[in-house]
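Q: What follows is entry_12.cif, mmCIF, C-alpha atoms.
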data_work
loop_
_atom_site.label_atom_id
_atom_site.label_comp_id
_atom_site.auth_asym_id
_atom_site.auth_seq_id
_atom_site.Cartn_x
_atom_site.Cartn_y
_atom_site.Cartn_z
CA MET A 127 0.00 0.00 0.00
CA LYS A 128 2.88 2.39 0.77
CA LYS A 129 4.32 1.71 -2.68
CA ILE A 130 1.02 2.57 -4.38
CA LYS A 131 0.70 5.86 -2.41
CA PHE A 132 4.31 6.68 -3.26
CA LEU A 133 3.69 5.92 -6.96
CA PHE A 134 0.55 8.10 -7.01
CA GLY A 135 2.49 10.90 -5.31
CA VAL A 136 5.28 10.76 -7.92
CA LEU A 137 2.75 10.69 -10.78
CA ALA A 138 0.80 13.63 -9.31
CA LEU A 139 4.01 15.66 -8.92
CA ALA A 140 5.07 14.86 -12.49
CA PHE A 141 1.62 15.86 -13.79
CA ILE A 142 1.60 19.17 -11.89
CA SER A 143 5.12 20.14 -12.97
CA SER A 144 4.47 19.25 -16.63
CA CYS A 145 1.30 21.31 -16.73
CA SER A 146 2.92 24.40 -15.26
CA SER A 147 5.49 24.60 -18.08
CA ASP A 148 2.74 24.64 -20.75
CA ASN A 149 1.81 28.23 -19.90
CA THR A 150 4.25 29.80 -22.38
CA GLU A 151 2.42 31.32 -25.32
CA ILE A 152 3.65 30.49 -28.79
CA ASP A 153 4.36 33.43 -31.12
CA THR A 154 2.46 32.88 -34.38
CA GLU A 155 2.34 36.49 -35.66
CA TYR A 156 4.41 37.77 -38.56
CA PRO A 157 6.57 40.85 -38.03
CA VAL A 158 5.52 44.08 -39.78
CA ILE A 159 7.51 46.21 -42.25
CA ASP A 160 6.18 49.78 -42.24
CA ILE A 161 7.24 52.10 -45.08
CA THR A 162 4.32 54.52 -44.69
CA GLY A 163 6.22 57.08 -42.60
CA SER A 164 7.10 60.44 -44.12
CA ASN A 165 10.84 59.64 -44.03
CA ALA A 166 10.61 56.00 -45.25
CA PHE A 167 12.82 55.19 -48.25
CA PRO A 168 12.59 53.67 -50.73
CA ILE A 169 8.93 53.31 -51.50
CA GLN A 170 7.28 51.77 -54.57
CA CYS A 171 8.50 53.46 -57.82
CA SER A 172 11.33 55.43 -56.15
CA THR A 173 14.15 56.61 -58.39
CA ILE A 174 17.80 56.55 -57.34
CA GLU A 175 20.79 58.06 -59.14
CA ARG A 176 23.94 56.09 -59.79
CA GLY A 177 26.94 57.21 -57.76
CA GLN A 178 24.82 58.33 -54.80
CA THR A 179 24.57 56.97 -51.28
CA ILE A 180 20.97 56.42 -50.27
CA THR A 181 19.57 55.97 -46.78
CA PHE A 182 17.19 53.05 -46.36
CA LYS A 183 14.59 53.89 -43.69
CA ALA A 184 11.74 51.74 -42.42
CA THR A 185 10.02 50.90 -39.15
CA PHE A 186 9.85 47.26 -38.04
CA ASN A 187 7.41 45.91 -35.43
CA ASP A 188 6.70 42.56 -33.80
CA ASN A 189 4.36 41.40 -31.05
CA VAL A 190 7.17 39.63 -29.11
CA SER A 191 10.70 40.31 -30.38
CA LEU A 192 12.39 41.22 -33.65
CA GLY A 193 15.38 39.25 -34.93
CA SER A 194 17.07 40.54 -38.09
CA TYR A 195 16.48 42.01 -41.53
CA SER A 196 18.07 41.74 -44.92
CA LEU A 197 18.13 44.01 -47.95
CA ASP A 198 18.47 42.83 -51.54
CA ILE A 199 18.76 45.03 -54.64
CA HIS A 200 18.85 43.21 -57.97
CA HIS A 201 17.98 44.02 -61.59
CA ASN A 202 14.56 43.51 -63.10
CA PHE A 203 15.60 43.89 -66.74
CA ASP A 204 13.62 40.72 -67.63
CA HIS A 205 10.42 41.99 -65.93
CA HIS A 206 10.17 39.16 -63.37
CA THR A 207 8.18 40.08 -60.31
CA HIS A 208 8.15 39.82 -56.54
CA SER A 209 6.31 43.03 -55.93
CA THR A 210 4.13 43.09 -52.86
CA GLU A 211 2.72 46.49 -53.74
CA VAL A 212 -0.59 47.27 -55.45
CA THR A 213 0.80 50.10 -57.59
CA ASN A 214 2.70 49.19 -60.76
CA CYS A 215 5.61 51.30 -61.95
CA GLU A 216 6.40 52.34 -65.50
CA MET A 217 9.02 49.94 -66.84
CA GLU A 218 11.65 50.20 -69.54
CA ALA A 219 11.90 47.65 -72.35
CA VAL A 220 13.32 44.20 -71.56
CA LYS A 221 17.12 44.20 -71.90
CA LYS A 222 20.14 42.04 -71.14
CA PRO A 223 22.25 43.04 -68.12
CA VAL A 224 25.84 44.11 -68.76
CA LYS A 225 26.90 45.36 -65.33
CA PRO A 226 23.83 45.18 -63.07
CA MET A 227 23.86 46.13 -59.42
CA LEU A 228 23.59 43.30 -56.93
CA PHE A 229 23.42 44.15 -53.23
CA ILE A 230 22.55 41.60 -50.54
CA ASN A 231 23.26 42.25 -46.87
CA ASN A 232 21.97 41.02 -43.49
CA TYR A 233 21.55 43.18 -40.38
CA THR A 234 20.92 42.26 -36.76
CA ILE A 235 18.41 43.99 -34.53
CA PRO A 236 19.19 44.40 -30.80
CA ASN A 237 17.77 41.62 -28.58
CA GLY A 238 14.36 42.05 -26.98
CA VAL A 239 13.23 44.89 -29.27
CA LYS A 240 9.59 44.99 -30.42
CA SER A 241 9.88 48.15 -32.53
CA TYR A 242 12.95 49.25 -34.49
CA GLU A 243 13.73 52.21 -36.75
CA ALA A 244 16.02 50.73 -39.41
CA THR A 245 18.47 53.10 -41.08
CA THR A 246 21.10 51.81 -43.47
CA GLN A 247 23.43 53.61 -45.88
CA ILE A 248 23.76 51.99 -49.32
CA THR A 249 26.11 53.27 -52.02
CA ILE A 250 24.89 52.86 -55.58
CA PRO A 251 27.95 52.36 -57.82
CA ALA A 252 28.30 54.96 -60.59
CA ASP A 253 29.02 52.35 -63.27
CA VAL A 254 26.07 49.94 -62.83
CA ASP A 255 23.46 49.46 -65.54
CA PRO A 256 20.61 51.96 -65.19
CA GLY A 257 17.08 50.62 -65.34
CA ASP A 258 14.45 48.69 -63.43
CA TYR A 259 15.43 47.02 -60.14
CA HIS A 260 13.81 45.31 -57.18
CA PHE A 261 14.44 46.42 -53.61
CA MET A 262 13.59 43.49 -51.34
CA ILE A 263 13.18 43.84 -47.56
CA ARG A 264 13.04 40.65 -45.46
CA LEU A 265 12.22 40.96 -41.77
CA THR A 266 12.50 38.00 -39.41
CA ASP A 267 11.36 37.88 -35.79
CA LYS A 268 13.05 35.86 -33.01
CA GLU A 269 10.62 32.97 -33.51
CA GLY A 270 11.58 32.74 -37.19
CA TRP A 271 8.47 34.24 -38.78
CA GLN A 272 9.39 36.29 -41.84
CA THR A 273 7.74 39.12 -43.76
CA LEU A 274 8.81 40.16 -47.25
CA LYS A 275 8.25 43.49 -48.95
CA GLY A 276 9.18 43.69 -52.63
CA LEU A 277 9.47 47.17 -54.14
CA SER A 278 10.06 48.19 -57.75
CA ILE A 279 12.61 51.00 -58.09
CA LYS A 280 14.53 52.62 -60.92
CA ILE A 281 18.24 53.39 -60.95
CA LEU A 282 19.04 56.31 -63.29
#
Kindly present the structure from the file in structure tokens form.
A:
Amino acid sequence: MKKIKFLFGVLALAFISSCSSDNTEIDTEYPVIDITGSNAFPIQCSTIERGQTITFKATFNDNVSLGSYSLDIHHNFDHHTHSTEVTNCEMEAVKKPVKPMLFINNYTIPNGVKSYEATTQITIPADVDPGDYHFMIRLTDKEGWQTLKGLSIKIL
């Protein structure tokens, strides 16, 4: 009888301790990329001049904690699409790239931050092909959820 009471006691303790650790809420929300602010750049259909340094600006938000972001600028001379915007931009004729710009870089966001004002300097080489480009923003939160914003821009 003592063994049965002991066994029930161990099982009850195991049940109570396992239930108490189930209280953590799972993050299932995507992070948010906000480019609606007055100083956000670029936005859909922005134009950028070769040889200039631009300042990328956006606001990132998450319900729990942000993780990192990446920026990707690549040519759209073949008119492929990843635009996430409703507005279409005027495009040049399809052409073959000779010396297109390719920029891909990852950035960390400080730990425990729910809102972050991203500001990044990007130099546009003076000798890249002018034309239609994509400006891709990927935002990942600490849980691994990712949001993508694909903008069409023009490099002059």
Q: Kindly indicate which residue among A:Lys280, A:Lys183, A:Lys275, A:His260 lies nearest to Ile199 in chain A, using only C-alpha atoms for the distances.
A: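 Among the listed residues, A:His260 lies closest to Ile199 in chain A.
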Q: Name every residue that the PyMOL selection byres ((chain A and resi 172-176) around 6) selects in this structure, writing the answer as an MDAnalysis selection string with chains first and numbers rising.
A: chainID A and resid 168:171 177:178 250:252 279:282
Q: Based on the selection just made, write C-alpha atoms of those residues as a compact mmCIF listing (two decimals), in the frame of the given file.
A:
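The new file part_23.txt reads:
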# COMPACT_ATOMS: atom_id res chain seq x y z
CA PRO A 168 12.59 53.67 -50.73
CA ILE A 169 8.93 53.31 -51.50
CA GLN A 170 7.28 51.77 -54.57
CA CYS A 171 8.50 53.46 -57.82
CA GLY A 177 26.94 57.21 -57.76
CA GLN A 178 24.82 58.33 -54.80
CA ILE A 250 24.89 52.86 -55.58
CA PRO A 251 27.95 52.36 -57.82
CA ALA A 252 28.30 54.96 -60.59
CA ILE A 279 12.61 51.00 -58.09
CA LYS A 280 14.53 52.62 -60.92
CA ILE A 281 18.24 53.39 -60.95
CA LEU A 282 19.04 56.31 -63.29
Q: Of the candidates A:Pro157, A:Gly270, A:Pro223, A:Pro236, which shows the shortest atom-to-atom distance to Asp255 in chain A, using all atoms listed in the file?
A: A:Pro223
Q: Env of range 186-195 of chain A: 12 Å cut, atoms = all atoms listed in the file, seq-sep filter 4 positions within chain, self excluded. Answer as an MDAnalysis selection string.
A: chainID A and resid 151:163 166 230:246 262:275
Q: Pick the closest to Val220 in chain A from A:Asp198, A:Asp258, A:Thr207, A:Phe182: which is it, counting only C-alpha atoms?
A: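 Nearest to Val220 in chain A: A:Asp258.
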Q: Once the PyMOL selection byres ((chain A and resi 226) around 9) is applied to the coordinates I shared, what remains selected? I want it as a list of chain:residue names.
A: A:His200, A:His201, A:Pro223, A:Val224, A:Lys225, A:Met227, A:Leu228, A:Asp253, A:Val254, A:Asp255, A:Pro256, A:Gly257
Q: To one decimal place, how far is CA of His208 in chain A from CA of Ser196 in chain A in Å?
A: 15.4 Å
Q: Please compute the CA of Phe261 in chain A-CA of Asn214 in chain A distance, one decimal, in Å.
A: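 For CA of Phe261 in chain A relative to CA of Asn214 in chain A, the distance reads 14.0 Å.
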